[in-house]
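One structure below.
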There are 2 protein chains.
Amino acid sequence: MTFILKPEPLTTEAFAPFGDVVEAGATTAIMINGGNTERYDSLARVRVENSDDHAVINIFRAQPRMTQYGQRATDKRTMQVEMMERHPFGSQSFQPLSGEPYLVLVADALEDLKPENLHLFLARADQGINYHKNTWHHPVLGLNKVCDFLVVDRKGSGNNCEEFYFDQDQRIEIQL
Amino acid sequence: MTFILKPEPLTTEAFAPFGDVVEAGATTAIMINGGNTERYDSLARVRVENSDDHAVINIFRAQPRMTQYGQRATDKRTMQVEMMERHPFGSQSFQPLSGEPYLVLVADALEDLKPENLHLFLARADQGINYHKNTWHHPVLGLNKVCDFLVVDRKGSGNNCEEFYFDQDQRIEIQL
């Protein structure tokens with residue numbers, strides 16, 4: 001049996017259990033710089049768990065997943081979900097830099113994940129997201145072409161990446 | 001007398017006294033996510049000065065400066081520099097989200113600034129910057145059109161913005 005995932009639009013409200021949506025307009029802007037600039041303030045808070053942790057800014061360059069995972073050469077719009085990951089020591093944000101939409105796949109805060117616990121969102125090119133600490137999520141899901149993302153996350157000691165692999169008998173497929 | 005500023009290209013080396021350049025390729029990528037993603041790791045470190053500070057992610061929407069400051073309706077490519085600012089309690093990064101180049105104006109680490117202490121850079125659309133704590137810089141200088149920037153900076157108590165105003169007898173002009 002195949003479990004089919006279809007995306008819903010990414011909104012602040014729908015994504016609230018998992019993290020923040022980083023987009024202009026999500027809050028009322030503060031005017032700064034003598035009226036030159038609108039500041040959409042504190043759209044996300046960067047979390048680091050331990051006192052000697054710090055936050056870093058990175059760029060992730062992601063291959064388009066739909067192409068890579070497609071089952072047939074002519075089928076570009078499906079991919080198989082095999083695993084999820086989470087970061088126990090801090091938040092992790094992704095902001096698209098390549099003007100392309102992308103997928104965001106998260107799961108409920110459980111230890112043993114079932115396909116029914118997954119939630120798939122389609123993010124617009126002007127929407128970033130910030131996973132709260134410990135939110136299960138799939139590695140970055142670029143679409144259409146190679147895409148860059150600005151990533152803000154935690155640096156420090158200890159293993160900050162836990163992985164969950166679904167039972168291989170269970171086929172989970174994203175379909176667009 | 002008018003002091004004329006012309007931009008130089010933004011490079012990691014030239015900008016090192018003032019902060020970091022955040023661009024893919026500035027470091028060797030680490031392959032992650034099963035080979036799907038190149039991680040350009042720790043391009044900048046987010047600094048917060050006090051133990052109860054934290055970092056936040058914001059979006060700044062900036063009006064194009066050259067239009068606003070142009071002295072004649074037909075002259076879009078000059079602007080007057082009147083002031084600089086700095087943040088004593090943390091770093092502040094800007095990543096362009098609108099696919100446009102922008103200007104970065106910084107100054108030497110002095111208390112009394114002269115026009116000769118200014119350094120003007122032209123950043124490409126794929127280059128972000130991270131001002132080190134206490135680096136003098138001009139408020140965001142968008143070009144050509146309204147531009148969004150992802151900004152990572154410090155949140156906490158106390159006055160985190162110091163300003164320096166140049167003598168009004170001294171005219172300082174950016175020319176492109």
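The way I read the labels, and the way they are meant: chains A, B, ... in the order of the structure tokens, residue 1 as the first residue of every chain, and ligand 1 as the first ligand shown, with later ones counted on from there.
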
Item to complete: Could you list the residues in chain B lying within 9 Å of chain A, using only C-alpha atoms, and format the result as number ranges by chain?
Response: B: 22-24, 29, 33, 35-48, 51, 54-65, 68, 93, 95-99, 126, 139-140, 148, 150, 152, 155

Discussion item. If you run DSSP on the backbone here, which positions in segment 104-155 of chain A get strand (DSSP E or B)? Please write them as an MDAnalysis selection string.
Written reply: chainID A and resid 104:107 118:123 128:131 136:137 141:142 147:155

For Phe166 of chain B, work out the shell of residues within 10 Å, counting only C-alpha atoms and skipping chain neighbours fewer than 5 positions away, then give it as a short mmCIF file (atom, residue, chain, number, x, y, z; two decimals) with all heavy atoms, in the first residue's frame.
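So the final result, stored in around.cif, reads:
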```
data_model
loop_
_atom_site.label_atom_id
_atom_site.label_comp_id
_atom_site.auth_asym_id
_atom_site.auth_seq_id
_atom_site.Cartn_x
_atom_site.Cartn_y
_atom_site.Cartn_z
N VAL B 81 25.76 61.02 1.90
CA VAL B 81 25.95 60.28 3.14
C VAL B 81 25.95 61.28 4.30
O VAL B 81 26.75 62.21 4.32
CB VAL B 81 27.28 59.50 3.13
CG1 VAL B 81 27.53 58.83 4.48
CG2 VAL B 81 27.28 58.49 2.00
N GLU B 82 25.05 61.08 5.23
CA GLU B 82 24.93 62.02 6.35
C GLU B 82 25.32 61.41 7.69
O GLU B 82 25.76 62.11 8.59
CB GLU B 82 23.49 62.54 6.43
CG GLU B 82 23.10 63.34 5.20
CD GLU B 82 21.61 63.67 5.15
OE1 GLU B 82 20.84 63.08 5.92
OE2 GLU B 82 21.24 64.53 4.32
N MET B 83 25.14 60.09 7.79
CA MET B 83 25.36 59.46 9.10
C MET B 83 25.77 58.01 8.96
O MET B 83 25.64 57.41 7.89
CB MET B 83 24.10 59.57 9.97
CG MET B 83 22.85 58.94 9.37
SD MET B 83 22.68 57.14 9.64
CE MET B 83 22.35 57.11 11.41
N MET B 84 26.25 57.45 10.05
CA MET B 84 26.58 56.02 10.14
C MET B 84 26.04 55.52 11.48
O MET B 84 25.76 56.31 12.39
CB MET B 84 28.09 55.80 10.06
CG MET B 84 28.75 56.29 8.77
SD MET B 84 28.38 55.28 7.32
CE MET B 84 29.61 53.95 7.57
N ASP B 112 35.69 59.12 16.05
CA ASP B 112 35.40 60.34 15.28
C ASP B 112 35.68 60.05 13.81
O ASP B 112 36.83 59.95 13.40
CB ASP B 112 36.28 61.49 15.78
CG ASP B 112 35.93 62.79 15.08
OD1 ASP B 112 34.75 62.99 14.70
OD2 ASP B 112 36.86 63.60 14.88
N LEU B 113 34.63 59.92 13.05
CA LEU B 113 34.77 59.49 11.65
C LEU B 113 35.03 60.68 10.72
O LEU B 113 34.42 61.74 10.86
CB LEU B 113 33.52 58.76 11.19
CG LEU B 113 33.21 57.44 11.89
CD1 LEU B 113 31.91 56.85 11.34
CD2 LEU B 113 34.36 56.45 11.73
N LYS B 114 35.92 60.46 9.78
CA LYS B 114 36.17 61.40 8.70
C LYS B 114 35.75 60.72 7.39
O LYS B 114 35.74 59.47 7.32
CB LYS B 114 37.66 61.76 8.64
CG LYS B 114 38.22 62.33 9.93
CD LYS B 114 37.64 63.68 10.23
CE LYS B 114 38.20 64.25 11.54
NZ LYS B 114 37.43 65.43 12.00
N PRO B 115 35.48 61.49 6.38
CA PRO B 115 35.11 60.86 5.09
C PRO B 115 36.15 59.87 4.61
O PRO B 115 35.81 58.86 3.98
CB PRO B 115 35.00 62.06 4.14
CG PRO B 115 34.66 63.21 5.02
CD PRO B 115 35.37 62.97 6.32
N ARG B 171 30.28 67.68 2.66
CA ARG B 171 29.38 66.94 1.77
C ARG B 171 30.07 65.65 1.31
O ARG B 171 31.16 65.68 0.74
CB ARG B 171 29.01 67.80 0.55
CG ARG B 171 28.00 67.09 -0.34
CD ARG B 171 27.51 67.98 -1.48
NE ARG B 171 26.65 67.21 -2.35
CZ ARG B 171 25.37 66.99 -2.12
NH1 ARG B 171 24.79 67.52 -1.05
NH2 ARG B 171 24.64 66.26 -2.94
N ILE B 172 29.41 64.53 1.57
CA ILE B 172 29.94 63.22 1.18
C ILE B 172 28.94 62.59 0.22
O ILE B 172 27.76 62.45 0.54
CB ILE B 172 30.12 62.30 2.40
CG1 ILE B 172 30.97 63.00 3.47
CG2 ILE B 172 30.76 60.97 1.99
CD1 ILE B 172 31.02 62.26 4.80
#
```

Fill in: Residues near segment 156-164 of chain A, cut-off 7 Å, only C-alpha atoms, skip fewer than 4 positions along chain, as a list in words
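Residues near the query, excluding close chain neighbours: Asp52, Asp53, His54, Met83, Met84, Glu85, Arg86, His87, Pro88 and Phe89 of chain A.
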
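Proximity of A:Gln170, A:Thr78, A:Thr135, A:Thr12 to Ala123 of chain A, computed with only C-alpha atoms, is greatest for A:Thr12.
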
Item to complete: Select, from A:Asp169, A:Glu13, A:Glu8, A:Asp20, the residue with the minimum atom-to-atom distance to Leu118 of chain A, counting only C-alpha atoms.
Response: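 Among A:Asp169, A:Glu13, A:Glu8, A:Asp20, it is A:Glu8 that comes nearest to Leu118 of chain A.
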
Item to complete: Write down as a PyMOL selection string the residues of segment 20-104 of chain B whose backbone DSSP state falls under helix (DSSP H, G or I).
Response: chain B and resi 33-35+65-69

Written file, previous selection with all heavy atoms, as a PDB file, in the first residue's frame:
```pdb
ATOM      1  N   ASN B  33      22.766  15.351   3.568  1.00  0.00           N
ATOM      2  CA  ASN B  33      21.484  14.831   3.074  1.00  0.00           C
ATOM      3  C   ASN B  33      21.676  13.786   1.975  1.00  0.00           C
ATOM      4  O   ASN B  33      21.046  13.838   0.921  1.00  0.00           O
ATOM      5  CB  ASN B  33      20.589  15.979   2.547  1.00  0.00           C
ATOM      6  CG  ASN B  33      20.259  17.000   3.617  1.00  0.00           C
ATOM      7  OD1 ASN B  33      20.406  16.743   4.805  1.00  0.00           O
ATOM      8  ND2 ASN B  33      19.822  18.175   3.207  1.00  0.00           N
ATOM      9  N   GLY B  34      22.575  12.849   2.242  1.00  0.00           N
ATOM     10  CA  GLY B  34      22.786  11.762   1.308  1.00  0.00           C
ATOM     11  C   GLY B  34      23.292  12.202  -0.050  1.00  0.00           C
ATOM     12  O   GLY B  34      23.027  11.547  -1.066  1.00  0.00           O
ATOM     13  N   GLY B  35      24.023  13.292  -0.078  1.00  0.00           N
ATOM     14  CA  GLY B  35      24.576  13.776  -1.335  1.00  0.00           C
ATOM     15  C   GLY B  35      23.665  14.723  -2.092  1.00  0.00           C
ATOM     16  O   GLY B  35      24.020  15.204  -3.171  1.00  0.00           O
ATOM     17  N   ARG B  65      17.732  53.752  -2.412  1.00  0.00           N
ATOM     18  CA  ARG B  65      18.307  54.975  -1.869  1.00  0.00           C
ATOM     19  C   ARG B  65      18.682  55.985  -2.949  1.00  0.00           C
ATOM     20  O   ARG B  65      18.607  57.178  -2.738  1.00  0.00           O
ATOM     21  CB  ARG B  65      19.560  54.646  -1.057  1.00  0.00           C
ATOM     22  CG  ARG B  65      19.248  53.967   0.249  1.00  0.00           C
ATOM     23  CD  ARG B  65      18.794  54.977   1.277  1.00  0.00           C
ATOM     24  NE  ARG B  65      18.732  54.352   2.606  1.00  0.00           N
ATOM     25  CZ  ARG B  65      18.651  55.036   3.736  1.00  0.00           C
ATOM     26  NH1 ARG B  65      18.620  56.358   3.726  1.00  0.00           N
ATOM     27  NH2 ARG B  65      18.582  54.424   4.890  1.00  0.00           N
ATOM     28  N   MET B  66      19.163  55.480  -4.053  1.00  0.00           N
ATOM     29  CA  MET B  66      19.663  56.411  -5.060  1.00  0.00           C
ATOM     30  C   MET B  66      18.562  57.309  -5.590  1.00  0.00           C
ATOM     31  O   MET B  66      18.793  58.472  -5.875  1.00  0.00           O
ATOM     32  CB  MET B  66      20.328  55.644  -6.198  1.00  0.00           C
ATOM     33  CG  MET B  66      21.626  54.995  -5.799  1.00  0.00           C
ATOM     34  SD  MET B  66      22.799  56.219  -5.164  1.00  0.00           S
ATOM     35  CE  MET B  66      24.233  55.195  -4.932  1.00  0.00           C
ATOM     36  N   THR B  67      17.396  56.768  -5.705  1.00  0.00           N
ATOM     37  CA  THR B  67      16.278  57.596  -6.150  1.00  0.00           C
ATOM     38  C   THR B  67      15.921  58.620  -5.077  1.00  0.00           C
ATOM     39  O   THR B  67      15.774  59.806  -5.337  1.00  0.00           O
ATOM     40  CB  THR B  67      15.047  56.704  -6.422  1.00  0.00           C
ATOM     41  OG1 THR B  67      15.414  55.755  -7.412  1.00  0.00           O
ATOM     42  CG2 THR B  67      13.874  57.527  -6.912  1.00  0.00           C
ATOM     43  N   GLN B  68      15.862  58.141  -3.853  1.00  0.00           N
ATOM     44  CA  GLN B  68      15.417  59.000  -2.764  1.00  0.00           C
ATOM     45  C   GLN B  68      16.364  60.173  -2.548  1.00  0.00           C
ATOM     46  O   GLN B  68      15.931  61.292  -2.269  1.00  0.00           O
ATOM     47  CB  GLN B  68      15.344  58.160  -1.490  1.00  0.00           C
ATOM     48  CG  GLN B  68      14.800  58.914  -0.294  1.00  0.00           C
ATOM     49  CD  GLN B  68      14.576  57.962   0.875  1.00  0.00           C
ATOM     50  OE1 GLN B  68      14.246  56.813   0.676  1.00  0.00           O
ATOM     51  NE2 GLN B  68      14.768  58.461   2.071  1.00  0.00           N
ATOM     52  N   TYR B  69      17.667  59.907  -2.669  1.00  0.00           N
ATOM     53  CA  TYR B  69      18.643  60.926  -2.340  1.00  0.00           C
ATOM     54  C   TYR B  69      19.099  61.749  -3.544  1.00  0.00           C
ATOM     55  O   TYR B  69      19.858  62.669  -3.383  1.00  0.00           O
ATOM     56  CB  TYR B  69      19.874  60.290  -1.686  1.00  0.00           C
ATOM     57  CG  TYR B  69      19.719  60.029  -0.216  1.00  0.00           C
ATOM     58  CD1 TYR B  69      18.933  58.991   0.249  1.00  0.00           C
ATOM     59  CD2 TYR B  69      20.350  60.846   0.707  1.00  0.00           C
ATOM     60  CE1 TYR B  69      18.795  58.746   1.598  1.00  0.00           C
ATOM     61  CE2 TYR B  69      20.227  60.614   2.060  1.00  0.00           C
ATOM     62  CZ  TYR B  69      19.447  59.551   2.506  1.00  0.00           C
ATOM     63  OH  TYR B  69      19.324  59.319   3.839  1.00  0.00           O
TER      64      TYR B  69
END
```

Discussion item. If we count only C-alpha atoms and set the cut-off at 9 Å, which residues sit around Thr11 of chain A, ignoring sequence neighbours fewer than 3 positions away in its own chain? Please answer as a list in words.
Written reply: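 Everything that qualifies: Glu8, Ala14, Phe15, Ala16, Val21, Phe121 and Ala123 of chain A.
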
Fill in: atom CA of Lys133 of chain A to atom CA of Gly19 of chain B, distance in Å rounded to a single decimal
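Pair atom CA of Lys133 of chain A / atom CA of Gly19 of chain B returns 28.0 Å.
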